[in-house]
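A.B. asks: Here you go, input02.tsv (TSV, C-alpha atoms):
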chain	number	residue	atom	x	y	z
A	1	MET	CA	126.26	81.44	137.50
A	2	ILE	CA	122.53	82.17	137.63
A	3	ARG	CA	120.93	78.73	137.49
A	4	SER	CA	117.25	79.59	137.94
A	5	VAL	CA	114.84	82.42	138.64
A	6	THR	CA	111.56	82.74	140.51
A	7	ASN	CA	109.02	85.52	140.80
A	8	ARG	CA	106.56	86.19	143.61
A	9	ASP	CA	103.49	88.41	143.87
A	10	LEU	CA	103.42	89.61	147.48
A	11	ARG	CA	100.67	91.88	148.80
A	12	TYR	CA	100.15	93.26	152.27
A	13	SER	CA	97.00	94.78	153.72
A	14	LEU	CA	97.38	97.91	155.80
A	15	GLU	CA	95.31	98.69	158.86
A	16	ASN	CA	93.42	101.69	160.23
A	17	GLY	CA	93.99	104.04	157.31
A	18	ALA	CA	97.77	103.57	157.06
A	19	GLY	CA	99.20	104.31	153.62
A	20	SER	CA	96.22	106.38	152.52
A	21	ASP	CA	96.55	109.57	150.51
A	22	ALA	CA	94.34	111.85	148.45
A	23	ILE	CA	94.38	109.55	145.41
A	24	HIS	CA	95.13	106.10	146.85
A	25	THR	CA	92.56	105.69	149.62
A	26	ASN	CA	92.80	101.90	150.08
A	27	PRO	CA	96.31	100.75	149.12
A	28	HIS	CA	97.70	97.25	149.44
A	29	TYR	CA	101.46	97.66	149.62
A	30	SER	CA	102.76	95.09	147.14
A	31	TYR	CA	106.05	93.81	145.77
A	32	ALA	CA	106.72	92.15	142.43
A	33	VAL	CA	109.68	90.08	143.60
A	34	THR	CA	112.46	88.53	141.54
A	35	ASN	CA	114.83	85.91	142.94
A	36	LEU	CA	117.99	85.04	141.03
A	37	ILE	CA	119.44	81.75	142.29
A	38	SER	CA	123.20	81.23	141.92
A	39	GLY	CA	124.72	78.42	143.95
A	40	ASP	CA	124.36	79.21	147.64
A	41	HIS	CA	123.24	82.78	146.98
A	42	THR	CA	119.87	84.21	146.04
A	43	GLY	CA	119.56	87.76	144.79
A	44	THR	CA	116.31	89.46	145.77
A	45	GLY	CA	114.91	92.49	144.02
A	46	PHE	CA	111.47	93.99	143.70
A	47	ALA	CA	109.32	96.76	142.31
A	48	PHE	CA	106.60	98.45	144.34
A	49	THR	CA	102.89	98.70	143.49
A	50	LEU	CA	99.67	99.26	145.42
A	51	GLY	CA	98.03	95.91	144.63
A	52	ALA	CA	95.93	95.41	141.51
A	53	GLY	CA	98.14	94.66	138.53
A	54	ASN	CA	101.08	93.49	140.62
A	55	GLU	CA	100.82	90.14	138.83
A	56	LEU	CA	101.46	91.91	135.51
A	57	VAL	CA	104.70	93.38	136.85
A	58	CYS	CA	105.71	89.88	137.97
A	59	GLN	CA	105.12	88.62	134.44
A	60	ALA	CA	107.24	91.41	132.99
A	61	ALA	CA	110.01	90.69	135.51
A	62	ALA	CA	109.92	86.99	134.61
A	63	PHE	CA	110.40	87.89	130.94
A	64	TYR	CA	113.58	89.82	131.71
A	65	ALA	CA	114.89	87.42	134.36
A	66	GLN	CA	114.75	84.40	132.07
A	67	GLN	CA	117.28	86.11	129.80
A	68	LEU	CA	119.85	86.10	132.61
A	69	ILE	CA	119.90	82.34	133.20
A	70	GLY	CA	123.40	80.98	132.58
A	71	LYS	CA	125.06	84.36	133.19
A	72	ASP	CA	127.81	84.90	135.75
A	73	ILE	CA	126.91	87.78	138.04
A	74	GLU	CA	130.39	89.34	137.98
A	75	GLU	CA	130.46	89.29	134.20
A	76	LEU	CA	126.89	90.60	134.09
A	77	MET	CA	127.66	93.56	136.33
A	78	HIS	CA	130.86	94.42	134.48
A	79	GLY	CA	129.20	96.81	132.05
A	80	TYR	CA	125.65	96.41	133.33
A	81	GLY	CA	124.73	99.64	131.54
A	82	GLU	CA	124.77	97.76	128.24
A	83	VAL	CA	122.71	94.92	129.73
A	84	PHE	CA	120.16	97.44	131.03
A	85	LYS	CA	120.00	99.14	127.63
A	86	LYS	CA	119.43	95.83	125.84
A	87	LEU	CA	116.69	94.71	128.21
A	88	ALA	CA	114.94	98.10	128.31
A	89	ASN	CA	114.83	98.16	124.48
A	90	GLU	CA	113.75	94.57	123.94
A	91	GLN	CA	111.86	94.92	120.64
A	92	GLN	CA	108.12	94.33	121.13
A	93	PHE	CA	108.33	94.62	124.92
A	94	ARG	CA	109.66	98.16	124.59
A	95	TRP	CA	106.43	99.06	122.79
A	96	LEU	CA	104.60	98.55	126.08
A	97	GLY	CA	106.60	101.41	127.60
A	98	PRO	CA	109.01	102.60	126.54
A	99	HIS	CA	110.88	102.91	129.83
A	100	LYS	CA	107.75	103.32	131.93
A	101	GLY	CA	104.84	101.44	133.39
A	102	ILE	CA	104.61	97.69	133.91
A	103	VAL	CA	107.59	96.76	131.75
A	104	HIS	CA	109.95	99.23	133.42
A	105	LEU	CA	108.82	98.13	136.87
A	106	GLY	CA	109.56	94.56	135.83
A	107	LEU	CA	113.04	95.64	134.81
A	108	ALA	CA	113.48	97.35	138.19
A	109	SER	CA	112.70	94.10	139.98
A	110	VAL	CA	115.31	92.21	137.97
A	111	THR	CA	117.96	94.94	138.11
A	112	ASN	CA	117.62	95.23	141.87
A	113	ALA	CA	117.98	91.44	142.20
A	114	CYS	CA	121.22	91.63	140.20
A	115	PHE	CA	122.69	94.24	142.54
A	116	ASP	CA	121.63	92.24	145.61
A	117	LEU	CA	123.15	89.03	144.25
A	118	TRP	CA	126.35	90.87	143.33
A	119	ALA	CA	126.76	92.20	146.88
A	120	LYS	CA	125.97	88.81	148.41
A	121	LYS	CA	128.52	87.05	146.20
A	122	ARG	CA	131.11	89.55	147.42
A	123	ASN	CA	129.84	89.12	151.00
A	124	VAL	CA	129.36	92.85	151.61
A	125	PRO	CA	126.44	95.23	152.14
A	126	LEU	CA	125.41	96.93	148.92
A	127	TRP	CA	126.55	100.35	150.18
A	128	LYS	CA	130.04	98.95	150.72
A	129	LEU	CA	130.17	97.39	147.28
A	130	LEU	CA	129.02	100.58	145.56
A	131	THR	CA	131.27	102.96	147.51
A	132	GLY	CA	134.24	100.68	146.79
A	133	LEU	CA	133.78	100.82	143.02
A	134	SER	CA	136.09	102.93	140.85
A	135	PRO	CA	134.54	105.85	138.92
A	136	GLU	CA	135.02	103.82	135.74
A	137	ALA	CA	133.14	100.85	137.19
A	138	ILE	CA	130.26	103.06	138.32
A	139	VAL	CA	129.88	104.65	134.90
A	140	SER	CA	129.86	101.19	133.29
A	141	LEU	CA	126.71	100.34	135.30
A	142	LEU	CA	124.71	103.10	133.62
A	143	ASP	CA	122.78	103.58	130.39
A	144	PHE	CA	123.22	107.20	129.29
A	145	SER	CA	120.77	106.94	126.39
A	146	TYR	CA	118.80	110.15	125.82
A	147	VAL	CA	120.54	112.11	128.60
A	148	GLU	CA	123.92	112.71	126.95
A	149	ASP	CA	122.80	116.13	125.80
A	150	VAL	CA	123.24	117.21	129.42
A	151	LEU	CA	125.45	114.47	130.93
A	152	THR	CA	127.93	112.41	128.92
A	153	LYS	CA	129.79	109.36	130.18
A	154	GLU	CA	132.98	111.40	130.17
A	155	ALA	CA	131.41	114.18	132.23
A	156	ALA	CA	129.98	111.66	134.71
A	157	LEU	CA	133.38	110.04	135.05
A	158	GLN	CA	134.98	113.42	135.73
A	159	MET	CA	132.34	114.23	138.37
A	160	LEU	CA	133.06	110.96	140.17
A	161	GLN	CA	136.82	111.49	139.97
A	162	ASN	CA	136.43	114.99	141.37
A	163	GLU	CA	134.53	113.62	144.38
A	164	ALA	CA	137.00	110.82	145.11
A	165	ALA	CA	139.36	112.93	147.21
A	166	ALA	CA	136.71	113.65	149.85
A	167	LYS	CA	135.22	110.15	150.00
A	168	GLN	CA	137.14	109.12	153.09
A	169	GLN	CA	136.00	112.19	154.99
A	170	ARG	CA	132.37	111.51	154.08
A	171	MET	CA	132.68	107.94	155.39
A	172	ALA	CA	131.89	109.44	158.81
A	173	ILE	CA	128.20	109.05	157.91
A	174	LEU	CA	128.59	105.29	158.43
A	175	GLU	CA	129.14	105.78	162.16
A	176	LYS	CA	126.80	108.71	162.57
A	177	GLY	CA	123.89	107.11	160.68
A	178	TYR	CA	121.62	108.68	158.07
A	179	THR	CA	118.87	110.99	159.34
A	180	ALA	CA	115.29	109.80	158.76
A	181	TYR	CA	112.02	111.66	158.38
A	182	ASP	CA	108.65	110.22	159.38
A	183	THR	CA	105.92	109.85	156.74
A	184	SER	CA	103.61	107.71	158.88
A	185	VAL	CA	102.36	110.52	161.13
A	186	GLY	CA	99.89	112.07	158.71
A	187	TRP	CA	98.16	109.57	156.43
A	188	PHE	CA	95.14	110.99	154.64
A	189	ASN	CA	92.52	108.87	156.44
A	190	TYR	CA	93.86	109.62	159.93
A	191	SER	CA	91.76	111.88	162.16
A	192	ASP	CA	92.91	115.31	163.28
A	193	SER	CA	93.57	114.02	166.77
A	194	ALA	CA	95.58	111.09	165.40
A	195	ILE	CA	97.91	113.24	163.31
A	196	VAL	CA	98.58	115.56	166.23
A	197	HIS	CA	99.28	112.61	168.53
A	198	ASN	CA	101.52	110.95	165.92
A	199	ALA	CA	103.45	114.15	165.25
A	200	LYS	CA	104.22	114.70	168.94
A	201	LYS	CA	105.22	111.06	169.33
A	202	ALA	CA	107.55	111.22	166.31
A	203	VAL	CA	109.32	114.29	167.68
A	204	ALA	CA	109.68	112.57	171.06
A	205	ASN	CA	111.28	109.63	169.20
A	206	GLY	CA	113.93	111.88	167.70
A	207	PHE	CA	112.50	112.78	164.29
A	208	LYS	CA	113.20	116.33	163.17
A	209	ALA	CA	111.06	116.20	160.02
A	210	LEU	CA	107.53	114.93	159.34
A	211	LYS	CA	105.16	114.57	156.39
A	212	LEU	CA	101.43	115.31	156.19
A	213	LYS	CA	99.15	114.11	153.39
A	214	VAL	CA	97.00	116.84	151.84
A	215	GLY	CA	94.76	117.04	148.77
A	216	SER	CA	91.30	117.00	150.33
A	217	ALA	CA	88.25	118.00	148.29
A	218	ALA	CA	87.68	120.52	151.07
A	219	GLU	CA	90.61	122.91	150.85
A	220	GLU	CA	90.04	124.25	154.34
A	221	LYS	CA	90.67	120.75	155.72
A	222	ASP	CA	94.21	120.71	154.34
A	223	ILE	CA	94.92	124.18	155.70
A	224	ARG	CA	93.49	123.31	159.12
A	225	ARG	CA	95.45	120.07	159.44
A	226	ALA	CA	98.69	121.70	158.32
A	227	LYS	CA	98.26	124.36	161.00
A	228	LEU	CA	97.49	121.70	163.61
A	229	ILE	CA	100.75	119.89	162.85
A	230	ARG	CA	102.78	123.10	162.93
A	231	GLU	CA	101.25	124.10	166.27
A	232	ALA	CA	101.86	120.60	167.66
A	233	VAL	CA	105.58	120.43	166.84
A	234	GLY	CA	106.72	124.05	166.82
A	235	ASN	CA	108.80	125.96	164.33
A	236	ASP	CA	112.05	123.99	164.56
A	237	ILE	CA	110.64	120.81	162.99
A	238	LYS	CA	110.53	120.47	159.20
A	239	ILE	CA	107.06	119.73	157.81
A	240	MET	CA	106.54	118.40	154.29
A	241	LEU	CA	103.12	118.43	152.59
A	242	ASP	CA	102.22	115.77	150.01
A	243	ALA	CA	99.22	116.17	147.66
A	244	ASN	CA	99.85	112.96	145.68
A	245	GLN	CA	99.00	114.62	142.33
A	246	GLN	CA	95.52	115.71	143.40
A	247	TRP	CA	95.37	119.31	142.12
A	248	ASP	CA	95.27	120.94	138.71
A	249	LEU	CA	97.60	123.89	138.24
A	250	GLN	CA	95.22	126.69	139.23
A	251	LYS	CA	94.05	124.85	142.34
A	252	ALA	CA	97.64	124.04	143.23
A	253	ILE	CA	98.62	127.71	143.00
A	254	ARG	CA	95.73	128.77	145.20
A	255	ILE	CA	96.18	126.12	147.90
A	256	CYS	CA	99.98	126.22	147.95
A	257	ASN	CA	99.88	129.95	148.54
A	258	GLU	CA	97.72	129.27	151.60
A	259	LEU	CA	99.89	126.40	152.79
A	260	LYS	CA	102.98	128.61	152.58
A	261	LYS	CA	101.80	130.22	155.80
A	262	ILE	CA	102.93	127.21	157.87
A	263	ASP	CA	106.43	127.37	156.31
A	264	PRO	CA	106.53	123.91	154.69
A	265	TYR	CA	109.96	122.49	153.85
A	266	TRP	CA	108.53	121.29	150.56
A	267	ILE	CA	105.21	120.64	148.82
A	268	GLU	CA	105.25	117.24	147.15
A	269	GLU	CA	103.58	115.97	143.95
A	270	PRO	CA	101.15	118.89	143.67
A	271	THR	CA	99.80	118.01	140.21
A	272	HIS	CA	99.97	115.43	137.41
A	273	PRO	CA	103.43	113.82	137.38
A	274	ASP	CA	103.84	114.16	133.60
A	275	ASP	CA	103.06	117.89	133.50
A	276	ILE	CA	106.53	119.37	133.53
A	277	LEU	CA	105.46	122.87	132.53
A	278	ALA	CA	102.78	123.04	135.23
A	279	HIS	CA	105.42	122.17	137.82
A	280	LYS	CA	107.70	124.85	136.36
A	281	THR	CA	104.94	127.48	136.58
A	282	LEU	CA	103.99	126.45	140.11
A	283	ALA	CA	107.61	126.39	141.30
A	284	GLU	CA	108.12	129.94	140.02
A	285	THR	CA	104.85	131.12	141.53
A	286	ILE	CA	105.26	129.81	145.09
A	287	ALA	CA	109.01	130.41	145.51
A	288	PRO	CA	110.85	130.34	147.85
A	289	VAL	CA	108.84	127.26	148.92
A	290	LYS	CA	110.17	124.35	146.87
A	291	LEU	CA	108.49	121.43	145.13
A	292	ALA	CA	109.48	117.79	145.59
A	293	LEU	CA	108.66	115.17	142.98
A	294	GLY	CA	109.73	111.82	141.59
A	295	GLU	CA	107.55	109.11	143.10
A	296	HIS	CA	105.73	108.77	139.78
A	297	VAL	CA	108.48	109.93	137.42
A	298	PRO	CA	109.39	106.71	135.60
A	299	ASN	CA	112.75	107.31	133.92
A	300	SER	CA	115.91	109.39	133.63
A	301	VAL	CA	114.68	111.31	130.58
A	302	LEU	CA	111.76	112.87	132.42
A	303	PHE	CA	113.94	113.58	135.44
A	304	LYS	CA	116.33	115.34	133.06
A	305	ASN	CA	113.47	117.54	131.82
A	306	PHE	CA	112.29	118.42	135.33
A	307	LEU	CA	115.85	119.41	136.20
A	308	GLN	CA	116.34	121.41	133.01
A	309	THR	CA	113.22	123.46	133.70
A	310	GLY	CA	113.98	124.08	137.37
A	311	SER	CA	110.68	122.45	138.32
A	312	ALA	CA	111.85	120.70	141.47
A	313	GLY	CA	113.83	121.71	144.53
A	314	PHE	CA	114.09	118.09	145.66
A	315	ILE	CA	114.17	114.92	143.55
A	316	GLN	CA	112.52	111.80	145.00
A	317	VAL	CA	113.77	109.16	142.58
A	318	ASP	CA	112.83	105.67	143.79
A	319	ALA	CA	114.84	102.57	142.77
A	320	VAL	CA	111.74	100.38	142.96
A	321	ARG	CA	109.76	102.73	140.71
A	322	VAL	CA	112.33	103.64	138.01
A	323	GLY	CA	114.38	100.93	136.28
A	324	GLY	CA	116.23	99.92	139.45
A	325	VAL	CA	119.55	100.77	141.12
A	326	SER	CA	121.31	101.50	137.83
A	327	GLU	CA	118.85	104.19	136.75
A	328	PHE	CA	118.69	105.55	140.30
A	329	ILE	CA	122.44	106.21	140.19
A	330	LEU	CA	122.14	107.89	136.79
A	331	VAL	CA	119.38	110.21	138.07
A	332	SER	CA	121.50	110.98	141.14
A	333	LEU	CA	124.35	112.02	138.86
A	334	LEU	CA	121.99	114.26	136.87
A	335	CYS	CA	120.83	115.85	140.13
A	336	LYS	CA	124.42	116.39	141.22
A	337	LYS	CA	125.13	118.25	137.99
A	338	PHE	CA	122.07	120.48	138.46
A	339	GLY	CA	122.71	120.99	142.18
A	340	VAL	CA	119.40	119.49	143.32
A	341	PRO	CA	119.24	117.23	146.42
A	342	VAL	CA	118.13	113.60	146.11
A	343	VAL	CA	115.66	112.58	148.83
A	344	PRO	CA	114.27	109.22	147.66
A	345	HIS	CA	110.71	108.07	147.89
A	346	VAL	CA	110.89	104.71	149.68
A	347	GLY	CA	108.47	102.28	148.09
A	348	ASP	CA	110.85	99.67	149.48
A	349	MET	CA	110.21	101.09	153.00
A	350	GLY	CA	113.82	102.29	153.14
A	351	GLN	CA	115.41	98.84	152.88
A	352	LEU	CA	117.29	99.36	149.61
A	353	HIS	CA	117.49	103.13	149.77
A	354	GLN	CA	119.40	103.17	153.06
A	355	HIS	CA	122.28	101.75	150.98
A	356	LEU	CA	121.78	104.09	148.03
A	357	VAL	CA	121.75	107.34	150.02
A	358	LEU	CA	125.04	106.33	151.66
A	359	PHE	CA	126.50	105.82	148.19
A	360	ASN	CA	125.07	109.13	147.01
A	361	HIS	CA	126.70	110.96	149.90
A	362	ILE	CA	130.04	109.15	150.01
A	363	SER	CA	130.76	108.66	146.30
A	364	LEU	CA	128.74	111.44	144.62
A	365	GLY	CA	129.06	114.11	147.28
A	366	HIS	CA	125.31	114.64	147.72
A	367	GLU	CA	124.27	116.30	150.95
A	368	ALA	CA	123.17	113.76	153.58
A	369	LEU	CA	119.83	115.45	154.04
A	370	PHE	CA	117.40	112.77	155.24
A	371	LEU	CA	115.59	109.62	154.07
A	372	GLU	CA	111.91	108.82	154.28
A	373	HIS	CA	110.84	106.23	156.85
A	374	ILE	CA	107.63	104.18	156.59
A	375	PRO	CA	107.41	101.37	159.16
A	376	HIS	CA	104.40	99.38	158.03
A	377	LEU	CA	106.15	96.39	156.37
A	378	LYS	CA	109.12	96.00	158.72
A	379	LYS	CA	107.93	92.65	160.07
A	380	HIS	CA	108.07	91.09	156.61
A	381	PHE	CA	111.81	91.62	156.06
A	382	VAL	CA	114.58	89.30	157.15
A	383	HIS	CA	116.77	92.28	158.02
A	384	PRO	CA	114.45	95.27	158.57
A	385	VAL	CA	115.82	98.79	158.71
A	386	LYS	CA	116.97	99.93	162.13
A	387	ILE	CA	115.98	103.39	163.30
A	388	GLU	CA	117.25	104.88	166.55
A	389	ASN	CA	116.50	108.42	167.68
A	390	GLY	CA	115.31	109.34	164.20
A	391	VAL	CA	118.40	107.95	162.44
A	392	TYR	CA	118.95	105.00	160.08
A	393	LEU	CA	121.71	102.77	161.45
A	394	THR	CA	124.13	101.55	158.79
A	395	PRO	CA	123.21	98.01	157.63
A	396	GLN	CA	125.97	95.42	157.95
A	397	GLU	CA	124.48	92.26	156.40
A	398	PRO	CA	125.59	91.26	152.86
A	399	GLY	CA	123.25	92.40	150.10
A	400	SER	CA	120.66	95.14	149.75
A	401	SER	CA	118.48	94.30	152.81
A	402	CYS	CA	115.58	93.27	150.54
A	403	ASP	CA	115.13	89.60	151.52
A	404	LEU	CA	111.52	88.93	152.51
A	405	LYS	CA	110.32	86.28	154.92
So that I can check it, write out the structure of this file as structure tokens.

C.D. replies:
Amino acid sequence: MIRSVTNRDLRYSLENGAGSDAIHTNPHYSYAVTNLISGDHTGTGFAFTLGAGNELVCQAAAFYAQQLIGKDIEELMHGYGEVFKKLANEQQFRWLGPHKGIVHLGLASVTNACFDLWAKKRNVPLWKLLTGLSPEAIVSLLDFSYVEDVLTKEAALQMLQNEAAAKQQRMAILEKGYTAYDTSVGWFNYSDSAIVHNAKKAVANGFKALKLKVGSAAEEKDIRRAKLIREAVGNDIKIMLDANQQWDLQKAIRICNELKKIDPYWIEEPTHPDDILAHKTLAETIAPVKLALGEHVPNSVLFKNFLQTGSAGFIQVDAVRVGGVSEFILVSLLCKKFGVPVVPHVGDMGQLHQHLVLFNHISLGHEALFLEHIPHLKKHFVHPVKIENGVYLTPQEPGSSCDLK
């Protein structure tokens, strides 16, 4: 039984331009942390912000967490979809969203703590808990509100049942490990020489895919730096370009057509994250180069719309930016229906998502493409992610790997 809850506002300064992009030039990677205390176990969950306002997310999380005191975690997670729905639609609090912004981030923190506590009580890593659930149990974790026009509970259940036969075969990923890609080579404030050095070092360390931040006021800078990275690593390495919402549609069309010349694997967050039709127009214009988005898409309804319009070739849903693990799974099911890969953004630095991509592959049949890796907060975790030769090693400790020192 959950006896008490605590919330913490944790913020970490980054050094030498790390974490910088075209919009967020001086980020402080921050977690709004929820701890659910139940006997000898403490469930840890968090949402991710860049500093200012993190205390507001903590307050929102505390509001939701207090409602779980006295609940048994097994009973809570048996039908968590209804719990999620009730919390997400909590009368006046819903008015502050709905299903977005501070209140939804607060719900993510609490939801993720529930999943961590559940796995710890069962003494298994979260990936093992999730992949061991029946299709019926998985569906019961989800709130299908507003997406049933494209994905009903019955259809989701059938999808999961159809994938069950091949689950054992896909378990091979646990031994092989999940491929990573390196985001830390090309932060916006890094010099040209630094990004070239970092790119070569990443390839030497086994990474086969890298990301470069673009979105400079000087368009020629983006084009020059993209060419430098391509020349540094050759044609066999995947390069992703991330504009962090910097461009309007016409500028995005112009610059993306130039950036196509270095054969990017995707172009990420090219324009405002709410502008679905601009993404649709851009995707059609620059094909076959694909767009990736999701870091700032707050809920399953908007992901549904992006998928319906064919606006994204890759979906980067993030469990510490949407409503938590439950909504992440729902979005992954929507992506499976539309045939679009899930490649999460890792505001958690890959800690939680290393579990979720294993579930996506094993239980949902998603391609094991790769998972973003950002190393800057590793030292703050009790059980930091382990990367060897560009591959995430499968975590073995009980829980979701989110405990912070």

A.B. asks: Find the residues near segment 133-142 of chain A: any atom within 6 Å, counting all atoms listed in the file, skip ones fewer than 2 places away on the same chain, and give them as a list of chain:residue names.

C.D. replies: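 Residues meeting the cut-off are A:Gly79, A:Tyr80, A:Gly81, A:Leu130, A:Thr131, A:Leu157, A:Leu160, A:Ser326.
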
A.B. asks: Of the candidates A:Gly294, A:Pro125, A:Gly310, A:Gly390, which shows the shortest atom-to-atom distance to Val340 of chain A, using only C-alpha atoms?

C.D. replies: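 Among the listed residues, A:Gly310 lies closest to Val340 of chain A.
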
A.B. asks: Just the residues within 9 Å of segment 349-356 of chain A, please, counting only C-alpha atoms, with nothing from its chain fewer than 4 positions along; format it as a PDB file with C-alpha atoms, in the frame of the given file.

C.D. replies:
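Done, and the output landed in result.pdb:
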ATOM      1  CA  ASN A 112     117.620  95.230 141.870  1.00  0.00           C
ATOM      2  CA  PRO A 125     126.440  95.230 152.140  1.00  0.00           C
ATOM      3  CA  LEU A 126     125.410  96.930 148.920  1.00  0.00           C
ATOM      4  CA  TRP A 127     126.550 100.350 150.180  1.00  0.00           C
ATOM      5  CA  LYS A 128     130.040  98.950 150.720  1.00  0.00           C
ATOM      6  CA  LEU A 130     129.020 100.580 145.560  1.00  0.00           C
ATOM      7  CA  TYR A 178     121.620 108.680 158.070  1.00  0.00           C
ATOM      8  CA  ASP A 318     112.830 105.670 143.790  1.00  0.00           C
ATOM      9  CA  ALA A 319     114.840 102.570 142.770  1.00  0.00           C
ATOM     10  CA  VAL A 320     111.740 100.380 142.960  1.00  0.00           C
ATOM     11  CA  VAL A 325     119.550 100.770 141.120  1.00  0.00           C
ATOM     12  CA  PHE A 328     118.690 105.550 140.300  1.00  0.00           C
ATOM     13  CA  ILE A 329     122.440 106.210 140.190  1.00  0.00           C
ATOM     14  CA  PRO A 344     114.270 109.220 147.660  1.00  0.00           C
ATOM     15  CA  HIS A 345     110.710 108.070 147.890  1.00  0.00           C
ATOM     16  CA  ASN A 360     125.070 109.130 147.010  1.00  0.00           C
ATOM     17  CA  HIS A 361     126.700 110.960 149.900  1.00  0.00           C
ATOM     18  CA  LEU A 371     115.590 109.620 154.070  1.00  0.00           C
ATOM     19  CA  GLU A 372     111.910 108.820 154.280  1.00  0.00           C
ATOM     20  CA  HIS A 373     110.840 106.230 156.850  1.00  0.00           C
ATOM     21  CA  ILE A 374     107.630 104.180 156.590  1.00  0.00           C
ATOM     22  CA  PRO A 375     107.410 101.370 159.160  1.00  0.00           C
ATOM     23  CA  HIS A 376     104.400  99.380 158.030  1.00  0.00           C
ATOM     24  CA  LEU A 377     106.150  96.390 156.370  1.00  0.00           C
ATOM     25  CA  LYS A 378     109.120  96.000 158.720  1.00  0.00           C
ATOM     26  CA  PHE A 381     111.810  91.620 156.060  1.00  0.00           C
ATOM     27  CA  HIS A 383     116.770  92.280 158.020  1.00  0.00           C
ATOM     28  CA  PRO A 384     114.450  95.270 158.570  1.00  0.00           C
ATOM     29  CA  VAL A 385     115.820  98.790 158.710  1.00  0.00           C
ATOM     30  CA  TYR A 392     118.950 105.000 160.080  1.00  0.00           C
ATOM     31  CA  LEU A 393     121.710 102.770 161.450  1.00  0.00           C
ATOM     32  CA  THR A 394     124.130 101.550 158.790  1.00  0.00           C
ATOM     33  CA  PRO A 395     123.210  98.010 157.630  1.00  0.00           C
ATOM     34  CA  SER A 400     120.660  95.140 149.750  1.00  0.00           C
ATOM     35  CA  SER A 401     118.480  94.300 152.810  1.00  0.00           C
ATOM     36  CA  CYS A 402     115.580  93.270 150.540  1.00  0.00           C
TER      37      CYS A 402
END

A.B. asks: So how far away is atom CA of Asn244 of chain A from atom CA of Gln59 of chain A, in Å?

C.D. replies: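 Atom-to-atom, atom CA of Gln59 of chain A and atom CA of Asn244 of chain A are spaced 27.3 Å apart.
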
A.B. asks: Go through A:Leu14, A:Leu259, A:Ile362, A:Val357 one by one, measure the shortest atom-to-atom distance of each to Gln169 of chain A using only C-alpha atoms, and give the residue with the smallest value.

C.D. replies: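 Among A:Leu14, A:Leu259, A:Ile362, A:Val357, it is A:Ile362 that comes nearest to Gln169 of chain A.
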
A.B. asks: Quick check, in Å to one decimal: how far apart do atom CA of Gly313 of chain A and atom CA of Ser332 of chain A lie?

C.D. replies: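 Computed distance, atom CA of Gly313 of chain A to atom CA of Ser332 of chain A, equals 13.6 Å.
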
A.B. asks: Segment 265-279 of chain A: which residues within 6 Å, counting all atoms listed in the file, same-chain residues fewer than 5 positions away excluded, as a list in words?

C.D. replies: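 What passes the distance filter is Lys238, Ile239, Met240, Leu241, Asp242, Ala243, Asn244, Gln245, Gln246, Trp247, Asp248, Lys290, Leu291, Ala292, Leu293 and Ser311 of chain A.
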
A.B. asks: Using all atoms listed in the file, which of A:Asp9, A:Asp222, A:Glu148, A:Asp116 sits nearest Phe48 of chain A?

C.D. replies: A:Asp9

A.B. asks: Which is closest to Thr34 of chain A among A:Val185, A:Phe370, A:Ala108, A:Met1, if we use all atoms listed in the file?

C.D. replies: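 Of A:Val185, A:Phe370, A:Ala108, A:Met1, the one nearest Thr34 of chain A is A:Ala108, counting all atoms listed in the file.
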
A.B. asks: Pick the closest to Ile255 of chain A from A:Ala204, A:Leu282, A:Ala166, A:Val83: which is it, counting all atoms listed in the file?

C.D. replies: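 Looking at the shortest contact to Ile255 of chain A, the residue is A:Leu282.
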
A.B. asks: Which residue is closest to Val322 of chain A? Choose from A:Gly106, A:Gly215, A:Gly399, A:Gly186 and count all atoms listed in the file.

C.D. replies: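 For Val322 of chain A, the nearest of the given residues is A:Gly106.
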
A.B. asks: Using all atoms listed in the file and a cutoff of 8 Å, can you tell me which residues are near (98.8, 113.4, 158.3) in the file's coordinates, and write them out as a ChimeraX atom specification?

C.D. replies: /A:184-190,192,195,211-214,225

A.B. asks: Excluding same-chain residues fewer than 6 positions from Val57 of chain A, what lies within 12 Å of it counting all atoms listed in the file, as a ChimeraX atom specification?

C.D. replies: /A:7-10,30-34,46-51,63-64,96,100-110,320-321

A.B. asks: Quick one: everything within 10 Å of Lys337 of chain A, counting all atoms listed in the file, minus sequence neighbours fewer than 4 positions away in the same chain. Send it as a list in words.

C.D. replies: Val150, Leu151, Ala155, Ala156, Met159, Leu307, Val331, Ser332 and Leu333 of chain A

A.B. asks: As an exercise, work out the distance from atom CA of Lys208 of chain A to atom CA of Ala172 of chain A in Å and give it to one decimal place.

C.D. replies: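 Between atom CA of Lys208 of chain A and atom CA of Ala172 of chain A the gap works out to 20.4 Å.
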